[in-house]
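So this block is protein.txt, compact mmCIF, N, CA and C atoms:
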```txt
# COMPACT_ATOMS: atom_id res chain seq x y z
N GLN A 1 188.84 232.60 181.93
CA GLN A 1 189.85 233.37 181.22
C GLN A 1 189.67 234.86 181.49
N VAL A 2 190.80 235.54 181.62
CA VAL A 2 190.79 236.99 181.84
C VAL A 2 191.69 237.62 180.79
N ARG A 3 191.21 238.68 180.19
CA ARG A 3 192.00 239.43 179.22
C ARG A 3 192.32 240.79 179.80
N LEU A 4 193.59 241.18 179.70
CA LEU A 4 194.04 242.47 180.20
C LEU A 4 194.63 243.27 179.04
N VAL A 5 194.18 244.50 178.90
CA VAL A 5 194.67 245.35 177.82
C VAL A 5 195.18 246.65 178.43
N GLU A 6 196.49 246.88 178.25
CA GLU A 6 197.10 248.10 178.78
C GLU A 6 197.16 249.17 177.70
N SER A 7 197.21 250.41 178.15
CA SER A 7 197.40 251.54 177.24
C SER A 7 198.01 252.68 178.02
N GLY A 8 198.49 253.69 177.28
CA GLY A 8 198.97 254.90 177.93
C GLY A 8 200.47 255.09 177.96
N GLY A 9 201.22 254.10 177.50
CA GLY A 9 202.67 254.27 177.48
C GLY A 9 203.09 255.26 176.41
N GLY A 10 204.39 255.57 176.41
CA GLY A 10 204.91 256.48 175.41
C GLY A 10 206.26 257.01 175.79
N LEU A 11 206.67 258.05 175.07
CA LEU A 11 207.95 258.70 175.29
C LEU A 11 207.71 260.03 176.00
N VAL A 12 208.45 260.26 177.07
CA VAL A 12 208.28 261.49 177.83
C VAL A 12 209.63 261.94 178.34
N GLN A 13 209.80 263.23 178.53
CA GLN A 13 211.04 263.75 179.09
C GLN A 13 211.07 263.56 180.59
N ALA A 14 212.26 263.50 181.14
CA ALA A 14 212.40 263.39 182.59
C ALA A 14 211.65 264.53 183.27
N GLY A 15 210.96 264.17 184.33
CA GLY A 15 210.14 265.14 185.04
C GLY A 15 208.70 265.17 184.58
N GLY A 16 208.43 264.51 183.48
CA GLY A 16 207.08 264.49 182.93
C GLY A 16 206.20 263.44 183.57
N SER A 17 204.99 263.32 183.03
CA SER A 17 203.99 262.41 183.59
C SER A 17 203.36 261.56 182.49
N LEU A 18 202.92 260.39 182.89
CA LEU A 18 202.13 259.52 182.04
C LEU A 18 201.10 258.82 182.91
N ARG A 19 199.99 258.42 182.30
CA ARG A 19 198.97 257.65 183.00
C ARG A 19 198.70 256.37 182.23
N LEU A 20 198.97 255.26 182.88
CA LEU A 20 198.70 253.96 182.27
C LEU A 20 197.32 253.47 182.69
N SER A 21 196.67 252.75 181.79
CA SER A 21 195.38 252.13 182.08
C SER A 21 195.44 250.66 181.73
N CYS A 22 194.66 249.87 182.45
CA CYS A 22 194.56 248.45 182.16
C CYS A 22 193.11 248.04 182.38
N VAL A 23 192.49 247.55 181.31
CA VAL A 23 191.10 247.12 181.37
C VAL A 23 191.05 245.60 181.39
N ALA A 24 190.34 245.06 182.35
CA ALA A 24 190.18 243.62 182.47
C ALA A 24 188.81 243.20 181.93
N SER A 25 188.79 242.09 181.22
CA SER A 25 187.53 241.54 180.72
C SER A 25 187.57 240.03 180.84
N GLY A 26 186.40 239.40 180.76
CA GLY A 26 186.33 237.95 180.89
C GLY A 26 185.77 237.56 182.24
N SER A 27 186.35 236.53 182.84
CA SER A 27 185.87 236.00 184.13
C SER A 27 186.45 236.83 185.27
N ILE A 28 185.89 238.02 185.45
CA ILE A 28 186.50 239.00 186.34
C ILE A 28 185.62 239.37 187.51
N PHE A 29 184.66 238.52 187.84
CA PHE A 29 183.68 238.93 188.83
C PHE A 29 184.28 239.12 190.21
N SER A 30 185.50 238.60 190.43
CA SER A 30 186.09 238.75 191.76
C SER A 30 187.60 238.85 191.69
N ILE A 31 188.09 239.93 191.15
CA ILE A 31 189.53 240.16 191.14
C ILE A 31 189.89 240.91 192.41
N ALA A 32 190.64 240.27 193.29
CA ALA A 32 190.94 240.88 194.57
C ALA A 32 192.02 241.96 194.46
N VAL A 33 193.11 241.61 193.83
CA VAL A 33 194.26 242.52 193.76
C VAL A 33 194.65 242.73 192.30
N MET A 34 194.90 243.98 191.95
CA MET A 34 195.41 244.30 190.62
C MET A 34 196.79 244.92 190.81
N ARG A 35 197.71 244.55 189.96
CA ARG A 35 199.11 244.96 190.12
C ARG A 35 199.68 245.52 188.82
N TRP A 36 200.66 246.37 188.97
CA TRP A 36 201.50 246.81 187.86
C TRP A 36 202.92 246.33 188.12
N TYR A 37 203.51 245.71 187.12
CA TYR A 37 204.91 245.31 187.13
C TYR A 37 205.62 246.05 186.01
N ARG A 38 206.94 246.02 186.08
CA ARG A 38 207.72 246.55 184.96
C ARG A 38 208.99 245.72 184.78
N ARG A 39 209.48 245.73 183.55
CA ARG A 39 210.73 245.06 183.24
C ARG A 39 211.56 245.97 182.36
N ALA A 40 212.69 246.38 182.90
CA ALA A 40 213.63 247.20 182.14
C ALA A 40 214.61 246.28 181.42
N PRO A 41 215.21 246.72 180.33
CA PRO A 41 216.17 245.89 179.60
C PRO A 41 217.28 245.40 180.51
N GLY A 42 217.51 244.09 180.50
CA GLY A 42 218.57 243.51 181.31
C GLY A 42 218.22 243.29 182.76
N ASN A 43 217.02 243.68 183.15
CA ASN A 43 216.60 243.55 184.55
C ASN A 43 215.50 242.52 184.70
N GLN A 44 215.32 242.09 185.93
CA GLN A 44 214.19 241.20 186.21
C GLN A 44 212.91 242.03 186.35
N ARG A 45 211.81 241.35 186.18
CA ARG A 45 210.52 242.00 186.37
C ARG A 45 210.37 242.39 187.84
N GLU A 46 209.88 243.60 188.08
CA GLU A 46 209.69 244.05 189.45
C GLU A 46 208.27 244.57 189.65
N LEU A 47 207.78 244.36 190.86
CA LEU A 47 206.47 244.86 191.22
C LEU A 47 206.56 246.36 191.46
N VAL A 48 205.70 247.12 190.80
CA VAL A 48 205.69 248.57 190.93
C VAL A 48 204.65 249.00 191.97
N ALA A 49 203.44 248.50 191.81
CA ALA A 49 202.35 248.91 192.71
C ALA A 49 201.24 247.88 192.68
N ALA A 50 200.47 247.83 193.76
CA ALA A 50 199.35 246.92 193.85
C ALA A 50 198.20 247.61 194.57
N ILE A 51 196.98 247.18 194.24
CA ILE A 51 195.80 247.76 194.89
C ILE A 51 194.76 246.67 195.09
N THR A 52 194.18 246.63 196.29
CA THR A 52 193.13 245.66 196.58
C THR A 52 191.78 246.19 196.11
N ARG A 53 190.80 245.32 196.14
CA ARG A 53 189.46 245.74 195.74
C ARG A 53 188.94 246.85 196.65
N GLY A 54 189.38 246.84 197.89
CA GLY A 54 188.94 247.87 198.84
C GLY A 54 189.74 249.15 198.77
N GLY A 55 190.80 249.16 197.96
CA GLY A 55 191.56 250.40 197.77
C GLY A 55 192.86 250.49 198.53
N SER A 56 193.24 249.44 199.25
CA SER A 56 194.54 249.46 199.91
C SER A 56 195.64 249.34 198.88
N THR A 57 196.72 250.11 199.07
CA THR A 57 197.78 250.16 198.06
C THR A 57 199.14 249.81 198.64
N ASN A 58 200.02 249.42 197.75
CA ASN A 58 201.39 249.09 198.10
C ASN A 58 202.28 249.51 196.94
N TYR A 59 203.46 250.10 197.25
CA TYR A 59 204.34 250.61 196.21
C TYR A 59 205.77 250.13 196.42
N ALA A 60 206.48 250.00 195.32
CA ALA A 60 207.92 249.80 195.40
C ALA A 60 208.55 251.07 195.95
N ASP A 61 209.61 250.92 196.72
CA ASP A 61 210.27 252.09 197.31
C ASP A 61 210.71 253.08 196.24
N SER A 62 211.10 252.58 195.07
CA SER A 62 211.62 253.44 194.02
C SER A 62 210.58 254.36 193.40
N VAL A 63 209.31 254.09 193.64
CA VAL A 63 208.26 254.92 193.02
C VAL A 63 207.38 255.63 194.05
N LYS A 64 207.60 255.35 195.32
CA LYS A 64 206.78 255.98 196.35
C LYS A 64 206.86 257.49 196.26
N GLY A 65 205.70 258.14 196.35
CA GLY A 65 205.65 259.59 196.27
C GLY A 65 205.59 260.13 194.86
N ARG A 66 205.82 259.28 193.87
CA ARG A 66 205.77 259.71 192.47
C ARG A 66 204.65 259.03 191.69
N PHE A 67 204.39 257.77 192.00
CA PHE A 67 203.37 257.00 191.28
C PHE A 67 202.15 256.81 192.18
N THR A 68 200.98 256.76 191.55
CA THR A 68 199.73 256.50 192.28
C THR A 68 198.92 255.46 191.51
N ILE A 69 198.58 254.38 192.19
CA ILE A 69 197.74 253.35 191.61
C ILE A 69 196.30 253.57 192.08
N SER A 70 195.36 253.36 191.17
CA SER A 70 193.95 253.48 191.52
C SER A 70 193.17 252.48 190.67
N ARG A 71 191.93 252.24 191.04
CA ARG A 71 191.12 251.31 190.26
C ARG A 71 189.67 251.74 190.27
N ASP A 72 189.00 251.37 189.22
CA ASP A 72 187.56 251.59 189.08
C ASP A 72 186.94 250.20 189.00
N ASN A 73 186.37 249.75 190.11
CA ASN A 73 185.83 248.39 190.15
C ASN A 73 184.65 248.20 189.19
N ALA A 74 183.88 249.25 189.02
CA ALA A 74 182.73 249.16 188.12
C ALA A 74 183.18 248.98 186.68
N GLU A 75 184.31 249.57 186.33
CA GLU A 75 184.82 249.49 184.95
C GLU A 75 185.92 248.44 184.82
N ASN A 76 186.24 247.74 185.92
CA ASN A 76 187.30 246.71 185.90
C ASN A 76 188.59 247.26 185.33
N THR A 77 188.94 248.43 185.78
CA THR A 77 190.11 249.11 185.24
C THR A 77 191.04 249.51 186.38
N VAL A 78 192.32 249.38 186.13
CA VAL A 78 193.32 249.85 187.07
C VAL A 78 194.19 250.88 186.36
N TYR A 79 194.58 251.90 187.09
CA TYR A 79 195.37 252.98 186.53
C TYR A 79 196.70 253.10 187.27
N LEU A 80 197.68 253.66 186.59
CA LEU A 80 198.94 254.00 187.23
C LEU A 80 199.32 255.41 186.78
N GLN A 81 199.16 256.36 187.66
CA GLN A 81 199.56 257.74 187.39
C GLN A 81 201.02 257.87 187.77
N MET A 82 201.84 258.24 186.80
CA MET A 82 203.28 258.32 187.01
C MET A 82 203.73 259.77 186.83
N ASN A 83 204.20 260.37 187.90
CA ASN A 83 204.68 261.75 187.88
C ASN A 83 206.17 261.79 188.16
N SER A 84 206.77 262.91 187.86
CA SER A 84 208.22 263.10 188.11
C SER A 84 209.02 261.92 187.56
N LEU A 85 208.73 261.56 186.34
CA LEU A 85 209.37 260.37 185.77
C LEU A 85 210.87 260.58 185.60
N LYS A 86 211.60 259.48 185.77
CA LYS A 86 213.05 259.49 185.67
C LYS A 86 213.48 258.52 184.56
N PRO A 87 214.65 258.71 183.99
CA PRO A 87 215.12 257.76 182.97
C PRO A 87 215.12 256.32 183.46
N GLU A 88 215.37 256.11 184.75
CA GLU A 88 215.39 254.74 185.27
C GLU A 88 214.00 254.12 185.37
N ASP A 89 212.96 254.89 185.09
CA ASP A 89 211.61 254.33 185.02
C ASP A 89 211.33 253.71 183.65
N THR A 90 212.24 253.88 182.72
CA THR A 90 212.07 253.30 181.39
C THR A 90 211.96 251.79 181.48
N ALA A 91 210.87 251.25 180.94
CA ALA A 91 210.61 249.81 181.04
C ALA A 91 209.33 249.50 180.26
N VAL A 92 209.08 248.21 180.12
CA VAL A 92 207.76 247.77 179.67
C VAL A 92 206.94 247.52 180.94
N TYR A 93 205.76 248.12 180.98
CA TYR A 93 204.90 248.02 182.15
C TYR A 93 203.78 247.02 181.84
N TYR A 94 203.55 246.12 182.80
CA TYR A 94 202.57 245.06 182.64
C TYR A 94 201.53 245.12 183.75
N CYS A 95 200.30 244.89 183.36
CA CYS A 95 199.20 244.73 184.30
C CYS A 95 199.09 243.25 184.66
N ASN A 96 198.75 242.97 185.91
CA ASN A 96 198.68 241.58 186.37
C ASN A 96 197.51 241.41 187.33
N VAL A 97 196.79 240.30 187.16
CA VAL A 97 195.79 239.90 188.14
C VAL A 97 195.91 238.40 188.36
N VAL A 98 195.51 237.98 189.55
CA VAL A 98 195.45 236.57 189.88
C VAL A 98 194.00 236.24 190.18
N VAL A 99 193.46 235.27 189.46
CA VAL A 99 192.09 234.82 189.68
C VAL A 99 192.15 233.34 190.02
N GLY A 100 191.82 233.02 191.26
CA GLY A 100 191.98 231.64 191.71
C GLY A 100 193.45 231.28 191.73
N VAL A 101 193.84 230.28 190.97
CA VAL A 101 195.25 229.89 190.88
C VAL A 101 195.87 230.33 189.56
N ALA A 102 195.11 231.04 188.76
CA ALA A 102 195.59 231.46 187.44
C ALA A 102 196.15 232.87 187.50
N ASN A 103 197.29 233.05 186.85
CA ASN A 103 198.00 234.33 186.80
C ASN A 103 197.84 234.90 185.40
N TYR A 104 197.33 236.12 185.29
CA TYR A 104 197.08 236.72 183.98
C TYR A 104 197.91 237.98 183.81
N TRP A 105 198.40 238.16 182.57
CA TRP A 105 199.23 239.31 182.24
C TRP A 105 198.70 240.00 180.99
N GLY A 106 198.89 241.31 180.95
CA GLY A 106 198.61 242.04 179.73
C GLY A 106 199.80 241.93 178.78
N GLN A 107 199.67 242.57 177.64
CA GLN A 107 200.71 242.48 176.62
C GLN A 107 201.86 243.44 176.91
N GLY A 108 201.65 244.38 177.80
CA GLY A 108 202.69 245.33 178.16
C GLY A 108 202.58 246.61 177.36
N THR A 109 203.03 247.69 177.97
CA THR A 109 203.07 248.98 177.30
C THR A 109 204.42 249.63 177.61
N GLN A 110 205.07 250.13 176.58
CA GLN A 110 206.42 250.68 176.72
C GLN A 110 206.37 252.10 177.26
N VAL A 111 207.17 252.34 178.28
CA VAL A 111 207.37 253.69 178.82
C VAL A 111 208.85 254.02 178.66
N THR A 112 209.12 255.12 177.97
CA THR A 112 210.49 255.55 177.76
C THR A 112 210.64 256.98 178.26
N VAL A 113 211.59 257.18 179.17
CA VAL A 113 211.81 258.49 179.76
C VAL A 113 213.19 258.97 179.31
N SER A 114 213.21 260.07 178.59
CA SER A 114 214.47 260.61 178.09
C SER A 114 215.04 261.61 179.08
N SER A 115 216.36 261.68 179.11
CA SER A 115 217.03 262.59 180.06
C SER A 115 217.25 263.96 179.45
```

Take the structure in the file and give it back as structure tokens.
Amino acid sequence: QVRLVESGGGLVQAGGSLRLSCVASGSIFSIAVMRWYRRAPGNQRELVAAITRGGSTNYADSVKGRFTISRDNAENTVYLQMNSLKPEDTAVYYCNVVVGVANYWGQGTQVTVSS
């Protein structure tokens, strides 16, 4: 079992920044990839960013150049630094890891960007 706890969401004006954190605990001795997803009202869940244990990253086109994903393997934590936020970034953001064949999700953290 893996437990994921996100934090760092909130309300921010357009152009502002937020930093999300996700701490993993439990059977986490070998989490290869950590991901951030988001789901906006009325939309499907979309992959925002991913990072491998070695630090390789991948981003959705909509956030490239504005968001940065990073991880601290020693602390089993993944971060999402979000800069130049736009109203269309408003969503619930979820942390995700896959361990073996099991898919784990955090409870989500709300990010609201006002115009």

*Go through A:Val23, A:Ala91, A:Ala102, A:Val33 and flag the residue nearest Ile51 of chain A, using only C-alpha atoms for the distances.*
A:Val33

_Non-local contacts of Val97 of chain A (8 Å; only C-alpha atoms; under 3 positions in same chain excluded) as a count of residues only_ = 7

*What does the distance from atom N of Val5 of chain A to atom N of Cys22 of chain A come to in Å, to one decimal?*
6.5 Å

*Which of chain A fall in strand (DSSP E), as a PyMOL selection string*: chain A and resi 2-7+10-13+18-26+33-39+46-52+57-59+67-72+77-82+91-99+102-105+109-114

*Using only C-alpha atoms, find the one residue out of A:Gly16, A:Val98, A:Leu85, A:Tyr93 that sits nearest to Gln1 of chain A.*
A:Val98

*Which residue, A:Val92, A:Pro87, A:Gly108, A:Glu46, has the smallest gap to Ala14 of chain A when you use only N, CA and C atoms?*
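Closest candidate: A:Pro87.
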
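Using only C-alpha atoms, the smallest distance between any of A:Asp72, A:Phe67, A:Arg38, A:Ser21 and Gly54 of chain A comes from A:Asp72.
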
*Do you have the atom N of Gly8 of chain A-atom N of Asn73 of chain A distance handy?*
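Spanning atom N of Gly8 of chain A to atom N of Asn73 of chain A is a straight-line distance of 18.1 Å.
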
*What does the distance between atom C of Ser25 of chain A and atom CA of Gly100 of chain A come to in Å, to one decimal place?*
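Taking atom C of Ser25 of chain A and atom CA of Gly100 of chain A, their separation equals 14.4 Å.
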
With all atoms of segment 41-52 of chain A from the file as input, state the centre and edge lengths in Å to one decimal of the axis-aligned box that has 3 Å extra on each side, as AutoDock Vina command-line options.
```
--center_x 205.2 --center_y 245.1 --center_z 188.1 --size_x 32.8 --size_y 13.8 --size_z 23.0
```

Protein, DNA and RNA residues within 7 Å of (201.5, 256.2, 185.2), only C-alpha atoms, as a compact mmCIF listing (two decimals) with N, CA and C atoms, keeping the file's coordinate frame:
```txt
# COMPACT_ATOMS: atom_id res chain seq x y z
N SER A 17 204.99 263.32 183.03
CA SER A 17 203.99 262.41 183.59
C SER A 17 203.36 261.56 182.49
N LEU A 18 202.92 260.39 182.89
CA LEU A 18 202.13 259.52 182.04
C LEU A 18 201.10 258.82 182.91
N ARG A 19 199.99 258.42 182.30
CA ARG A 19 198.97 257.65 183.00
C ARG A 19 198.70 256.37 182.23
N LEU A 20 198.97 255.26 182.88
CA LEU A 20 198.70 253.96 182.27
C LEU A 20 197.32 253.47 182.69
N PHE A 67 204.39 257.77 192.00
CA PHE A 67 203.37 257.00 191.28
C PHE A 67 202.15 256.81 192.18
N LEU A 80 197.68 253.66 186.59
CA LEU A 80 198.94 254.00 187.23
C LEU A 80 199.32 255.41 186.78
N GLN A 81 199.16 256.36 187.66
CA GLN A 81 199.56 257.74 187.39
C GLN A 81 201.02 257.87 187.77
N MET A 82 201.84 258.24 186.80
CA MET A 82 203.28 258.32 187.01
C MET A 82 203.73 259.77 186.83
N ASN A 83 204.20 260.37 187.90
CA ASN A 83 204.68 261.75 187.88
C ASN A 83 206.17 261.79 188.16
```

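Nearest residue to Thr90 of chain A among A:Ile28, A:Val48, A:Ala40, A:Val63 is A:Ala40, counting only N, CA and C atoms.
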
_List the spatial neighbours of Ala49 of chain A as an MDAnalysis selection string - criterion: any atom at most 5 Å away, all atoms listed in the file, same-chain residues fewer than 2 positions off excluded._
chainID A and resid 35:36 47 51 58:60

Would you list the contacts of Lys86 of chain A as a compact mmCIF listing (two decimals) with N, CA and C atoms, keeping the file's coordinate frame, taking every protein, DNA or RNA residue within 6 Å and counting only N, CA and C atoms, but skipping same-chain residues closer than 2 positions in sequence?
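Output file out-v8.txt is given in full below:
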```txt
# COMPACT_ATOMS: atom_id res chain seq x y z
N ALA A 14 212.26 263.50 181.14
CA ALA A 14 212.40 263.39 182.59
C ALA A 14 211.65 264.53 183.27
N GLY A 15 210.96 264.17 184.33
CA GLY A 15 210.14 265.14 185.04
C GLY A 15 208.70 265.17 184.58
N SER A 84 206.77 262.91 187.86
CA SER A 84 208.22 263.10 188.11
C SER A 84 209.02 261.92 187.56
N GLU A 88 215.37 256.11 184.75
CA GLU A 88 215.39 254.74 185.27
C GLU A 88 214.00 254.12 185.37
N ASP A 89 212.96 254.89 185.09
CA ASP A 89 211.61 254.33 185.02
C ASP A 89 211.33 253.71 183.65
N THR A 90 212.24 253.88 182.72
CA THR A 90 212.07 253.30 181.39
C THR A 90 211.96 251.79 181.48
N VAL A 113 211.59 257.18 179.17
CA VAL A 113 211.81 258.49 179.76
C VAL A 113 213.19 258.97 179.31
```

*Give the answer as one residue: which of A:Ala24, A:Lys64, A:Gly10, A:Gln44 has the shortest atom-to-atom distance to Val78 of chain A, using only N, CA and C atoms?*
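Checking each of A:Ala24, A:Lys64, A:Gly10, A:Gln44 against Val78 of chain A, counting only N, CA and C atoms, the winner is A:Ala24.
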